[in-house]
>>> print(open('my_file04.pdb').read())   # PDB, C-alpha atoms
ATOM      1  CA  MET A   1      12.425  28.521  33.683
ATOM      2  CA  THR A   2      11.775  26.206  30.718
ATOM      3  CA  ILE A   3       9.804  23.496  32.571
ATOM      4  CA  ARG A   4       6.657  24.414  34.504
ATOM      5  CA  LYS A   5       4.228  22.243  36.384
ATOM      6  CA  ASN A   6       0.531  22.714  35.688
ATOM      7  CA  GLU A   7      -2.734  20.854  36.281
ATOM      8  CA  SER A   8      -2.217  18.391  33.411
ATOM      9  CA  GLY A   9       1.477  17.646  34.042
ATOM     10  CA  PHE A  10       4.702  19.398  33.024
ATOM     11  CA  LEU A  11       5.054  21.967  30.250
ATOM     12  CA  VAL A  12       8.331  22.435  28.381
ATOM     13  CA  ASP A  13       8.635  25.948  26.982
ATOM     14  CA  VAL A  14      12.047  26.659  25.489
ATOM     15  CA  ARG A  15      13.704  28.851  22.840
ATOM     16  CA  PRO A  16      17.103  27.170  22.256
ATOM     17  CA  ASP A  17      18.261  29.866  19.814
ATOM     18  CA  GLY A  18      17.258  32.821  22.005
ATOM     19  CA  ARG A  19      14.199  35.060  22.186
ATOM     20  CA  ASP A  20      14.158  35.568  18.411
ATOM     21  CA  GLY A  21      14.484  31.842  17.630
ATOM     22  CA  LYS A  22      11.925  29.084  17.247
ATOM     23  CA  ARG A  23       9.828  28.291  20.311
ATOM     24  CA  TYR A  24       9.180  24.710  21.432
ATOM     25  CA  ARG A  25       6.245  23.933  23.723
ATOM     26  CA  LYS A  26       5.113  20.440  24.699
ATOM     27  CA  LYS A  27       3.252  18.830  27.613
ATOM     28  CA  PHE A  28       4.350  15.673  29.472
ATOM     29  CA  GLU A  29       2.829  13.605  32.236
ATOM     30  CA  THR A  30       6.100  13.265  34.171
ATOM     31  CA  LYS A  31       8.978  15.609  34.892
ATOM     32  CA  ALA A  32      11.484  12.987  33.737
ATOM     33  CA  GLU A  33       9.953  12.979  30.229
ATOM     34  CA  ALA A  34       9.939  16.778  30.189
ATOM     35  CA  LEU A  35      13.620  16.930  31.154
ATOM     36  CA  LYS A  36      14.570  14.448  28.436
ATOM     37  CA  TYR A  37      12.689  16.447  25.819
ATOM     38  CA  GLU A  38      14.277  19.716  26.953
ATOM     39  CA  LYS A  39      17.726  18.136  26.834
ATOM     40  CA  TYR A  40      17.118  16.812  23.336
ATOM     41  CA  ILE A  41      15.882  20.144  21.975
ATOM     42  CA  LEU A  42      18.838  22.002  23.447
ATOM     43  CA  SER A  43      21.317  19.466  22.055
ATOM     44  CA  GLN A  44      19.851  19.783  18.578
ATOM     45  CA  HIS A  45      20.085  23.584  18.592
ATOM     46  CA  HIS A  46      23.475  24.306  20.089
ATOM     47  CA  ASN A  47      24.200  27.012  17.457
ATOM     48  CA  LYS A  48      27.535  25.379  16.651
ATOM     49  CA  ASP A  49      27.040  23.835  13.251
ATOM     50  CA  TRP A  50      30.606  22.565  13.136
ATOM     51  CA  LEU A  51      29.952  20.233  16.074
ATOM     52  CA  ASP A  52      28.407  16.790  15.666
ATOM     53  CA  LYS A  53      24.984  16.334  17.173
ATOM     54  CA  PRO A  54      24.391  13.538  19.715
ATOM     55  CA  LYS A  55      24.209  10.063  18.203
ATOM     56  CA  ASP A  56      21.317   7.732  18.869
ATOM     57  CA  ILE A  57      23.143   4.590  19.984
ATOM     58  CA  ARG A  58      20.011   2.538  20.606
ATOM     59  CA  ARG A  59      19.728  -0.693  18.662
ATOM     60  CA  ILE A  60      16.796  -1.639  16.430
ATOM     61  CA  SER A  61      15.789  -4.345  18.910
ATOM     62  CA  GLU A  62      15.106  -1.593  21.469
ATOM     63  CA  LEU A  63      12.770   0.209  19.069
ATOM     64  CA  ILE A  64      10.731  -2.768  17.884
ATOM     65  CA  PRO A  65       8.662  -3.209  21.097
ATOM     66  CA  LEU A  66       7.993   0.548  21.142
ATOM     67  CA  TRP A  67       6.827   0.472  17.534
ATOM     68  CA  PHE A  68       4.491  -2.446  18.229
ATOM     69  CA  LYS A  69       3.069  -0.772  21.337
ATOM     70  CA  HIS A  70       2.382   2.593  19.682
ATOM     71  CA  HIS A  71       1.493   1.492  16.153
ATOM     72  CA  GLY A  72       1.948  -2.135  15.112
ATOM     73  CA  SER A  73      -0.576  -3.557  17.572
ATOM     74  CA  GLN A  74      -3.273  -1.420  15.912
ATOM     75  CA  LEU A  75      -2.626  -2.810  12.422
ATOM     76  CA  LYS A  76      -4.477  -5.695  10.852
ATOM     77  CA  THR A  77      -1.118  -7.133   9.729
ATOM     78  CA  GLY A  78       0.720  -5.943  12.844
ATOM     79  CA  THR A  79       1.715  -9.388  14.103
ATOM     80  CA  LEU A  80       3.021 -10.425  10.678
ATOM     81  CA  ASP A  81       4.893  -7.133  10.295
ATOM     82  CA  LEU A  82       6.431  -7.607  13.751
ATOM     83  CA  LYS A  83       7.658 -11.051  12.770
ATOM     84  CA  ARG A  84       9.142  -9.670   9.552
ATOM     85  CA  ILE A  85      10.873  -6.752  11.300
ATOM     86  CA  ASN A  86      12.427  -9.073  13.879
ATOM     87  CA  SER A  87      13.602 -11.424  11.149
ATOM     88  CA  VAL A  88      15.158  -8.675   9.005
ATOM     89  CA  ASN A  89      16.758  -7.031  12.032
ATOM     90  CA  LEU A  90      18.389 -10.348  12.921
ATOM     91  CA  LEU A  91      19.806 -10.576   9.392
ATOM     92  CA  MET A  92      21.178  -7.021   9.711
ATOM     93  CA  GLY A  93      22.890  -7.877  12.988
ATOM     94  CA  ASP A  94      20.725  -5.610  15.164
ATOM     95  CA  PRO A  95      22.616  -2.404  14.284
ATOM     96  CA  ARG A  96      22.702   0.822  16.276
ATOM     97  CA  ILE A  97      20.574   3.588  14.758
ATOM     98  CA  CYS A  98      23.606   5.830  14.322
ATOM     99  CA  ASP A  99      25.405   3.136  12.280
ATOM    100  CA  ILE A 100      22.696   2.755   9.630
ATOM    101  CA  ASN A 101      23.884   4.808   6.648
ATOM    102  CA  ASN A 102      23.903   4.463   2.867
ATOM    103  CA  LYS A 103      26.948   2.205   2.901
ATOM    104  CA  PHE A 104      25.411  -0.092   5.522
ATOM    105  CA  ILE A 105      22.136  -0.397   3.575
ATOM    106  CA  SER A 106      23.962  -0.926   0.275
ATOM    107  CA  GLU A 107      26.011  -3.803   1.688
ATOM    108  CA  PHE A 108      22.932  -5.316   3.308
ATOM    109  CA  ALA A 109      21.046  -5.139  -0.007
ATOM    110  CA  ALA A 110      23.904  -6.748  -1.936
ATOM    111  CA  ASN A 111      24.054  -9.676   0.482
ATOM    112  CA  ARG A 112      20.280 -10.176   0.610
ATOM    113  CA  LEU A 113      19.762 -10.018  -3.148
ATOM    114  CA  GLU A 114      22.012 -13.050  -3.556
ATOM    115  CA  LYS A 115      19.247 -15.108  -1.910
ATOM    116  CA  ILE A 116      15.939 -13.275  -2.425
ATOM    117  CA  LYS A 117      14.034 -11.387  -5.118
ATOM    118  CA  LYS A 118      13.911  -7.598  -5.332
ATOM    119  CA  SER A 119      10.218  -7.596  -4.446
ATOM    120  CA  THR A 120      10.916  -9.500  -1.215
ATOM    121  CA  TYR A 121      13.743  -7.118  -0.343
ATOM    122  CA  ASN A 122      11.448  -4.143  -0.946
ATOM    123  CA  ARG A 123       8.866  -5.569   1.454
ATOM    124  CA  ASP A 124      11.608  -5.840   4.088
ATOM    125  CA  ILE A 125      12.627  -2.220   3.532
ATOM    126  CA  THR A 126       8.994  -1.079   3.653
ATOM    127  CA  VAL A 127       8.382  -2.449   7.164
ATOM    128  CA  LEU A 128      11.689  -1.029   8.437
ATOM    129  CA  SER A 129      10.889   2.373   6.965
ATOM    130  CA  SER A 130       7.435   2.261   8.554
ATOM    131  CA  LEU A 131       9.026   1.514  11.922
ATOM    132  CA  PHE A 132      11.138   4.673  11.773
ATOM    133  CA  THR A 133       8.333   6.818  10.377
ATOM    134  CA  GLN A 134       5.865   5.855  13.087
ATOM    135  CA  LEU A 135       8.402   6.254  15.913
ATOM    136  CA  GLN A 136       9.243   9.716  14.566
ATOM    137  CA  LYS A 137       5.551  10.629  14.662
ATOM    138  CA  SER A 138       5.363   9.360  18.240
ATOM    139  CA  GLU A 139       8.473  11.449  19.051
ATOM    140  CA  ILE A 140      10.325   8.401  20.325
ATOM    141  CA  ILE A 141      13.189   8.945  17.876
ATOM    142  CA  TYR A 142      14.350  12.145  16.223
ATOM    143  CA  THR A 143      16.851  10.906  13.659
ATOM    144  CA  LYS A 144      16.133  10.806   9.946
ATOM    145  CA  ASN A 145      14.557   7.683   8.509
ATOM    146  CA  PRO A 146      17.575   5.866   6.970
ATOM    147  CA  PHE A 147      15.354   3.503   4.962
ATOM    148  CA  LYS A 148      13.199   6.169   3.329
ATOM    149  CA  GLY A 149      13.490   6.011  -0.450
ATOM    150  CA  LYS A 150      15.690   2.913  -0.350
ATOM    151  CA  LYS A 151      13.351   0.542  -2.168
ATOM    152  CA  LEU A 152      14.726  -0.882  -5.416
ATOM    153  CA  LYS A 153      13.128  -0.082  -8.750
ATOM    154  CA  ILE A 154      11.371  -3.049 -10.316
ATOM    155  CA  LEU A 155      10.013  -3.284 -13.843
ATOM    156  CA  GLN A 156       6.313  -4.034 -13.518
ATOM    157  CA  PRO A 157       5.135  -6.901 -15.752
ATOM    158  CA  SER A 158       2.091  -6.329 -17.898
ATOM    159  CA  LEU A 159      -1.095  -7.435 -16.176
ATOM    160  CA  SER A 160      -2.803 -10.445 -17.675
ATOM    161  CA  PHE A 161      -6.561 -10.986 -17.787
ATOM    162  CA  LEU A 162      -9.058 -13.485 -19.145
ATOM    163  CA  THR A 163     -10.744 -12.929 -22.491
ATOM    164  CA  MET A 164     -14.520 -13.143 -22.810
ATOM    165  CA  GLU A 165     -14.147 -16.637 -24.291
ATOM    166  CA  GLU A 166     -11.948 -17.755 -21.378
ATOM    167  CA  ILE A 167     -14.386 -16.276 -18.851
ATOM    168  CA  GLU A 168     -17.295 -18.129 -20.473
ATOM    169  CA  LEU A 169     -15.357 -21.402 -20.521
ATOM    170  CA  LEU A 170     -14.207 -21.010 -16.911
ATOM    171  CA  LEU A 171     -17.704 -20.295 -15.591
ATOM    172  CA  SER A 172     -19.075 -23.299 -17.457
ATOM    173  CA  GLU A 173     -16.597 -25.550 -15.635
ATOM    174  CA  LEU A 174     -17.094 -24.124 -12.112
ATOM    175  CA  THR A 175     -19.820 -25.251  -9.731
ATOM    176  CA  GLY A 176     -21.166 -24.511  -6.247
ATOM    177  CA  ASP A 177     -19.312 -22.073  -3.989
ATOM    178  CA  CYS A 178     -16.444 -21.778  -6.460
ATOM    179  CA  LEU A 179     -18.782 -20.570  -9.215
ATOM    180  CA  LEU A 180     -20.450 -17.931  -7.045
ATOM    181  CA  ILE A 181     -17.134 -16.610  -5.724
ATOM    182  CA  ALA A 182     -15.855 -16.276  -9.302
ATOM    183  CA  LYS A 183     -19.008 -14.381 -10.271
ATOM    184  CA  ILE A 184     -18.529 -11.988  -7.328
ATOM    185  CA  CYS A 185     -14.892 -11.343  -8.291
ATOM    186  CA  LEU A 186     -15.824 -10.707 -11.919
ATOM    187  CA  SER A 187     -18.700  -8.426 -10.872
ATOM    188  CA  THR A 188     -16.941  -6.366  -8.192
ATOM    189  CA  GLY A 189     -13.172  -6.639  -8.705
ATOM    190  CA  SER A 190     -12.751  -8.161  -5.256
ATOM    191  CA  ARG A 191      -9.846 -10.387  -4.298
ATOM    192  CA  TRP A 192     -10.701 -14.079  -4.090
ATOM    193  CA  SER A 193     -10.006 -14.077  -0.341
ATOM    194  CA  GLU A 194     -12.329 -11.090   0.205
ATOM    195  CA  ALA A 195     -15.200 -12.823  -1.586
ATOM    196  CA  GLN A 196     -14.539 -16.202   0.030
ATOM    197  CA  LEU A 197     -14.763 -14.691   3.545
ATOM    198  CA  LEU A 198     -18.091 -12.931   2.960
ATOM    199  CA  LYS A 199     -20.878 -13.384   5.473
ATOM    200  CA  VAL A 200     -24.600 -13.344   4.795
ATOM    201  CA  THR A 201     -24.815  -9.934   6.491
ATOM    202  CA  ASN A 202     -22.353  -8.474   3.941
ATOM    203  CA  VAL A 203     -24.898  -8.862   1.130
ATOM    204  CA  HIS A 204     -27.816  -6.456   1.317
ATOM    205  CA  ASN A 205     -29.853  -4.043  -0.827
ATOM    206  CA  GLN A 206     -28.276  -5.445  -4.017
ATOM    207  CA  LYS A 207     -24.809  -4.501  -2.758
ATOM    208  CA  ILE A 208     -21.832  -6.324  -1.290
ATOM    209  CA  THR A 209     -19.762  -4.827   1.529
ATOM    210  CA  PHE A 210     -16.232  -6.173   1.852
ATOM    211  CA  ASN A 211     -14.980  -5.763   5.419
ATOM    212  CA  ASP A 212     -11.992  -8.097   5.532
ATOM    213  CA  THR A 213      -9.919  -6.088   3.032
ATOM    214  CA  LYS A 214      -6.168  -5.792   2.514
ATOM    215  CA  ASN A 215      -5.949  -2.215   3.816
ATOM    216  CA  GLY A 216      -8.538  -2.764   6.538
ATOM    217  CA  LYS A 217     -10.975  -0.253   5.030
ATOM    218  CA  PRO A 218     -14.455  -1.572   4.115
ATOM    219  CA  ARG A 219     -15.843  -0.868   0.675
ATOM    220  CA  THR A 220     -19.263  -1.429  -0.852
ATOM    221  CA  VAL A 221     -19.906  -2.362  -4.492
ATOM    222  CA  PRO A 222     -23.304  -2.783  -6.197
ATOM    223  CA  ILE A 223     -24.135  -6.048  -7.966
ATOM    224  CA  THR A 224     -26.748  -7.118 -10.503
ATOM    225  CA  LYS A 225     -30.207  -8.174  -9.447
ATOM    226  CA  SER A 226     -29.636 -11.719 -10.732
ATOM    227  CA  LEU A 227     -26.405 -12.213  -8.744
ATOM    228  CA  PHE A 228     -28.029 -10.725  -5.646
ATOM    229  CA  SER A 229     -30.885 -13.225  -6.001
ATOM    230  CA  GLU A 230     -28.425 -16.140  -6.364
ATOM    231  CA  LEU A 231     -26.571 -15.121  -3.208
ATOM    232  CA  GLN A 232     -29.780 -14.731  -1.201
ATOM    233  CA  LYS A 233     -30.862 -18.246  -2.134
ATOM    234  CA  HIS A 234     -27.415 -19.732  -1.493
ATOM    235  CA  LYS A 235     -27.221 -19.599   2.308
ATOM    236  CA  ASN A 236     -28.999 -17.903   5.178
ATOM    237  CA  THR A 237     -26.553 -17.933   8.088
ATOM    238  CA  ASN A 238     -22.896 -17.153   8.911
ATOM    239  CA  ARG A 239     -20.287 -17.419   6.129
ATOM    240  CA  LEU A 240     -21.584 -17.689   2.606
ATOM    241  CA  PHE A 241     -18.866 -19.976   1.248
ATOM    242  CA  GLU A 242     -16.481 -22.776   2.067
ATOM    243  CA  ASP A 243     -12.783 -22.402   1.178
ATOM    244  CA  CYS A 244     -12.320 -23.571  -2.411
ATOM    245  CA  TYR A 245      -9.391 -21.614  -3.814
ATOM    246  CA  SER A 246      -7.266 -24.715  -4.458
ATOM    247  CA  GLN A 247     -10.135 -26.146  -6.509
ATOM    248  CA  PHE A 248     -10.255 -22.953  -8.574
ATOM    249  CA  MET A 249      -6.461 -22.980  -9.190
ATOM    250  CA  SER A 250      -6.518 -26.636 -10.228
ATOM    251  CA  LEU A 251      -9.174 -25.883 -12.794
ATOM    252  CA  LEU A 252      -7.148 -22.977 -14.186
ATOM    253  CA  LYS A 253      -4.204 -25.305 -14.745
ATOM    254  CA  GLU A 254      -6.381 -27.950 -16.366
ATOM    255  CA  MET A 255      -7.765 -25.351 -18.776
ATOM    256  CA  ASP A 256      -4.189 -24.464 -19.752
ATOM    257  CA  ILE A 257      -4.763 -20.724 -19.250
ATOM    258  CA  THR A 258      -1.340 -19.076 -19.363
ATOM    259  CA  LEU A 259      -0.783 -16.420 -16.703
ATOM    260  CA  PRO A 260       2.388 -14.520 -15.720
ATOM    261  CA  LYS A 261       4.149 -15.837 -12.628
ATOM    262  CA  GLY A 262       2.703 -14.343  -9.459
ATOM    263  CA  GLN A 263      -0.531 -13.103 -11.061
ATOM    264  CA  ALA A 264      -2.687 -16.213 -10.777
ATOM    265  CA  THR A 265      -4.082 -15.202  -7.389
ATOM    266  CA  HIS A 266      -5.371 -11.940  -8.853
ATOM    267  CA  VAL A 267      -6.522 -13.141 -12.272
ATOM    268  CA  MET A 268     -10.208 -12.451 -11.565
ATOM    269  CA  ARG A 269      -9.477  -9.017 -10.078
ATOM    270  CA  HIS A 270      -7.308  -8.065 -13.066
ATOM    271  CA  THR A 271      -9.976  -9.397 -15.421
ATOM    272  CA  PHE A 272     -12.674  -7.213 -13.841
ATOM    273  CA  ALA A 273     -10.506  -4.066 -13.895
ATOM    274  CA  SER A 274      -9.287  -4.634 -17.456
ATOM    275  CA  HIS A 275     -12.750  -5.206 -18.933
ATOM    276  CA  TYR A 276     -14.147  -2.330 -16.847
ATOM    277  CA  MET A 277     -11.724   0.079 -18.526
ATOM    278  CA  MET A 278     -12.122  -1.460 -21.991
ATOM    279  CA  ASN A 279     -15.863  -0.912 -21.669
ATOM    280  CA  GLY A 280     -15.367   2.805 -21.001
ATOM    281  CA  GLY A 281     -15.212   2.816 -17.191
ATOM    282  CA  ASN A 282     -13.972   5.805 -15.170
ATOM    283  CA  LEU A 283     -10.476   5.539 -13.694
ATOM    284  CA  LEU A 284     -11.326   7.351 -10.436
ATOM    285  CA  ALA A 285     -14.398   5.190  -9.953
ATOM    286  CA  LEU A 286     -12.274   2.094 -10.538
ATOM    287  CA  GLN A 287      -9.870   3.254  -7.827
ATOM    288  CA  LYS A 288     -12.730   3.316  -5.315
ATOM    289  CA  ILE A 289     -14.144  -0.015  -6.481
ATOM    290  CA  LEU A 290     -10.775  -1.765  -6.116
ATOM    291  CA  GLY A 291      -9.964   0.028  -2.857
ATOM    292  CA  HIS A 292      -6.615   1.414  -4.055
ATOM    293  CA  SER A 293      -5.234   4.098  -1.740
ATOM    294  CA  ASP A 294      -2.864   5.306  -4.481
ATOM    295  CA  ILE A 295      -4.190   6.207  -7.949
ATOM    296  CA  GLN A 296      -0.893   4.986  -9.413
ATOM    297  CA  MET A 297      -1.992   1.428  -8.696
ATOM    298  CA  THR A 298      -5.155   1.979 -10.718
ATOM    299  CA  MET A 299      -3.249   3.699 -13.535
ATOM    300  CA  ARG A 300      -1.960   0.276 -14.572
ATOM    301  CA  TYR A 301      -5.306  -0.250 -16.290
ATOM    302  CA  ALA A 302      -5.581   3.196 -17.915
ATOM    303  CA  HIS A 303      -4.073   2.109 -21.255
ATOM    304  CA  LEU A 304      -7.006  -0.257 -21.801
ATOM    305  CA  ALA A 305      -9.549   2.572 -22.032
ATOM    306  CA  PRO A 306     -10.879   2.958 -25.589
ATOM    307  CA  ASP A 307     -10.102   6.690 -25.618
ATOM    308  CA  TYR A 308      -6.686   6.359 -23.911
ATOM    309  CA  LEU A 309      -4.356   8.984 -25.382
ATOM    310  CA  ILE A 310      -6.695   9.295 -28.377
ATOM    311  CA  GLU A 311      -5.842  13.000 -28.566
ATOM    312  CA  VAL A 312      -2.365  12.022 -29.736
ATOM    313  CA  LEU A 313      -3.891  11.561 -33.185
ATOM    314  CA  ASP A 314      -4.895  15.160 -33.685
ATOM    315  CA  LYS A 315      -2.732  17.077 -31.220
ATOM    316  CA  ASN A 316       0.729  15.951 -32.281
ATOM    317  CA  PRO A 317       2.900  18.565 -34.092
ATOM    318  CA  LEU A 318       3.290  16.531 -37.294
ATOM    319  CA  ASN A 319      -0.471  16.357 -37.751
ATOM    320  CA  HIS A 320      -0.755  20.123 -37.199
ATOM    321  CA  LEU A 321       2.015  20.737 -39.709
ATOM    322  CA  LEU A 322       0.345  18.616 -42.375
ATOM    323  CA  ASN A 323      -3.096  20.124 -41.823
ATOM    324  CA  ARG A 324      -2.336  23.776 -41.224
ATOM    325  CA  PRO A 325      -3.751  26.179 -43.843
ATOM    326  CA  HIS A 326      -1.297  27.193 -46.562
ATOM    327  CA  LYS A 327      -0.868  30.872 -47.455
ATOM    328  CA  ASP A 328      -1.361  31.912 -51.078
ATOM    329  CA  HIS A 329       1.755  33.400 -52.628
ATOM    330  CA  LYS A 330       1.347  36.089 -55.306
ATOM    331  CA  ASP A 331       3.802  36.398 -58.149
ATOM    332  CA  ASP A 332       6.228  39.329 -57.816
TER     333      ASP A 332
END
>>> encode(input="my_file04.pdb", output="structure tokens")
Amino acid sequence: MTIRKNESGFLVDVRPDGRDGKRYRKKFETKAEALKYEKYILSQHHNKDWLDKPKDIRRISELIPLWFKHHGSQLKTGTLDLKRINSVNLLMGDPRICDINNKFISEFAANRLEKIKKSTYNRDITVLSSLFTQLQKSEIIYTKNPFKGKKLKILQPSLSFLTMEEIELLLSELTGDCLLIAKICLSTGSRWSEAQLLKVTNVHNQKITFNDTKNGKPRTVPITKSLFSELQKHKNTNRLFEDCYSQFMSLLKEMDITLPKGQATHVMRHTFASHYMMNGGNLLALQKILGHSDIQMTMRYAHLAPDYLIEVLDKNPLNHLLNRPHKDHKDD
């Protein structure tokens, strides 16, 4: 018997390929769930490789509520991701899982890229891929993730940052909350939004703790004694600052500081990271300061380090050829 009842529910214990094959054991609260799991395992291991395995004919719209219940509702951006998934699914025509193949995705991409940028398309693919990945982990679906690895390659533009002269000029023009937020960004590498949402309780012991971060993980960065003193004197209760980002952006335009399209919102963050590396900072430390989960994101600043690839000068083969010791040749 492959399904047994015990104190905690129903246990599925099955070897679909016989006593010498792989064993599958899993507990369920109800017998109906146990029977479905047993049926699925047996169908996937029928030992007849020439036969097609059962198709999952459910539509994406049936999976979306399950994804939100088991995963999306726990995310900081869950509601926004849900809205995006519903929107993209509508554009795809709410396909059945079994109908999503390379051809389907290729045609969808071609149609979408006539109206949107590659970066926008990649964000759509990312949330769809996450939906499948999380439902696989929850054992709600068992098919392969059709959107895995389907993001388009995009050439990353070089990151722009402010020079010391531009920083000095900018700070001389800023006042009030806007000035202090800029100082925090330049001192810690925080996003403008992270600094703007700081509360008095986030500043303590000459450190700033950012709680409202992009990935939802708090991070703490030390600051100078002088900046800590300024922040302590600034306000004593609730939020430290009023919203003033539009004021900051207007000033940037007035100063005629040229920034690549799409990078203006991160100019202070890029400026911190760039000068940090130019001043001999450690790449792994920078990853923690910026809160990057992937070191590849931080690697964008590696080329600014003063010793970046310096070993190329003395370790390349041409240099070794030119500087190797010559053997003395005796006359015959």
>>> atom_distance(input="my_file04.pdb", atom1="atom CA of Glu38 of chain A", atom2="atom CA of Tyr24 of chain A")
9.0 Å
>>> residues_near_point(input="my_file04.pdb", point="(-11.3, -23.1, -3.3)", cutoff="12 Å", atoms="only C-alpha atoms", output="list in words")
Leu174, Thr175, Gly176, Asp177, Cys178, Leu179, Leu180, Ile181, Ala182, Trp192, Ser193, Ala195, Gln196, Leu197, Phe241, Glu242, Asp243, Cys244, Tyr245, Ser246, Gln247, Phe248, Met249, Ser250, Leu251, Leu252 and Thr265 of chain A
>>> closest_residue(input="my_file04.pdb", among="A:Gly216, A:Lys103, A:Asn238, A:Glu29", to="Gln74 of chain A", atoms="all atoms listed in the file")
A:Gly216
>>> resolve_selection(input="my_file04.pdb", expression="the PyMOL selection byres ((chain A and resi 128) around 9)", output="PyMOL selection string")
chain A and resi 85+88-89+123-127+129-133+147-148
>>> axis_aligned_box(input="my_file04.pdb", around="segment 182-192 of chain A", padding_each_side="3 Å", output="JSON")
{"center_x": -14.4, "center_y": -11.3, "center_z": -8.0, "size_x": 15.2, "size_y": 15.9, "size_z": 13.8}
>>> closest_atom_pairs(input="my_file04.pdb", of="segment 67-109 of chain A", to="segment 151-169 of chain A", cutoff="12 Å", atoms="all atoms listed in the file", output="Markdown table")
| residue | atom | partner | partner_atom | distance |
| --- | --- | --- | --- | --- |
| A:Ile105 | CA | A:Lys151 | CA | 10.5 |
| A:Ser106 | CA | A:Leu152 | CA | 10.8 |
| A:Ala109 | CA | A:Leu152 | CA | 9.3 |
>>> resolve_selection(input="my_file04.pdb", expression="the PyMOL selection byres ((chain A and resi 5) around 10)", output="mmCIF file with C-alpha atoms, keeping the file's coordinate frame")
data_model
loop_
_atom_site.group_PDB
_atom_site.id
_atom_site.type_symbol
_atom_site.label_atom_id
_atom_site.label_comp_id
_atom_site.auth_asym_id
_atom_site.auth_seq_id
_atom_site.Cartn_x
_atom_site.Cartn_y
_atom_site.Cartn_z
ATOM 1 C CA ILE A 3 9.804 23.496 32.571
ATOM 2 C CA ARG A 4 6.657 24.414 34.504
ATOM 3 C CA ASN A 6 0.531 22.714 35.688
ATOM 4 C CA GLU A 7 -2.734 20.854 36.281
ATOM 5 C CA SER A 8 -2.217 18.391 33.411
ATOM 6 C CA GLY A 9 1.477 17.646 34.042
ATOM 7 C CA PHE A 10 4.702 19.398 33.024
ATOM 8 C CA LEU A 11 5.054 21.967 30.250
ATOM 9 C CA VAL A 12 8.331 22.435 28.381
ATOM 10 C CA LYS A 27 3.252 18.830 27.613
ATOM 11 C CA PHE A 28 4.350 15.673 29.472
ATOM 12 C CA GLU A 29 2.829 13.605 32.236
ATOM 13 C CA THR A 30 6.100 13.265 34.171
ATOM 14 C CA LYS A 31 8.978 15.609 34.892
#
>>> residues_around(input="my_file04.pdb", residues="Asp307 of chain A", least_positions_apart="5", cutoff="10 Å", atoms="only C-alpha atoms", output="list in words")
Met277, Met278, Gly280 and Ala302 of chain A
>>> decode(input="my_file04.pdb", residues="segment 202-215 of chain A", atoms="N, CA and C atoms", output="compact mmCIF listing (two decimals), in the first residue's frame")
# COMPACT_ATOMS: atom_id res chain seq x y z
N ASN A 202 16.31 55.56 13.28
CA ASN A 202 17.25 54.88 12.39
C ASN A 202 18.67 55.41 12.53
N VAL A 203 18.83 56.52 13.23
CA VAL A 203 20.15 57.14 13.40
C VAL A 203 20.57 57.00 14.86
N HIS A 204 21.61 56.20 15.08
CA HIS A 204 22.05 55.97 16.46
C HIS A 204 23.50 55.50 16.47
N ASN A 205 24.20 55.83 17.55
CA ASN A 205 25.60 55.39 17.75
C ASN A 205 26.48 55.68 16.53
N GLN A 206 26.28 56.84 15.93
CA GLN A 206 27.06 57.29 14.76
C GLN A 206 26.91 56.31 13.58
N LYS A 207 25.72 55.74 13.47
CA LYS A 207 25.42 54.83 12.36
C LYS A 207 24.00 55.09 11.87
N ILE A 208 23.76 54.74 10.61
CA ILE A 208 22.42 54.84 10.04
C ILE A 208 21.97 53.45 9.63
N THR A 209 20.77 53.06 10.03
CA THR A 209 20.19 51.78 9.64
C THR A 209 19.06 52.04 8.65
N PHE A 210 19.22 51.49 7.46
CA PHE A 210 18.20 51.63 6.42
C PHE A 210 17.30 50.40 6.46
N ASN A 211 16.04 50.61 6.80
CA ASN A 211 15.08 49.50 6.89
C ASN A 211 14.23 49.36 5.64
N ASP A 212 13.83 50.49 5.07
CA ASP A 212 12.95 50.46 3.90
C ASP A 212 13.80 50.36 2.64
N THR A 213 14.42 49.18 2.44
CA THR A 213 15.33 48.99 1.31
C THR A 213 14.65 48.27 0.15
N LYS A 214 15.32 48.26 -1.00
CA LYS A 214 14.75 47.67 -2.20
C LYS A 214 14.52 46.17 -2.05
N ASN A 215 15.48 45.47 -1.43
CA ASN A 215 15.34 44.02 -1.27
C ASN A 215 14.70 43.62 0.06
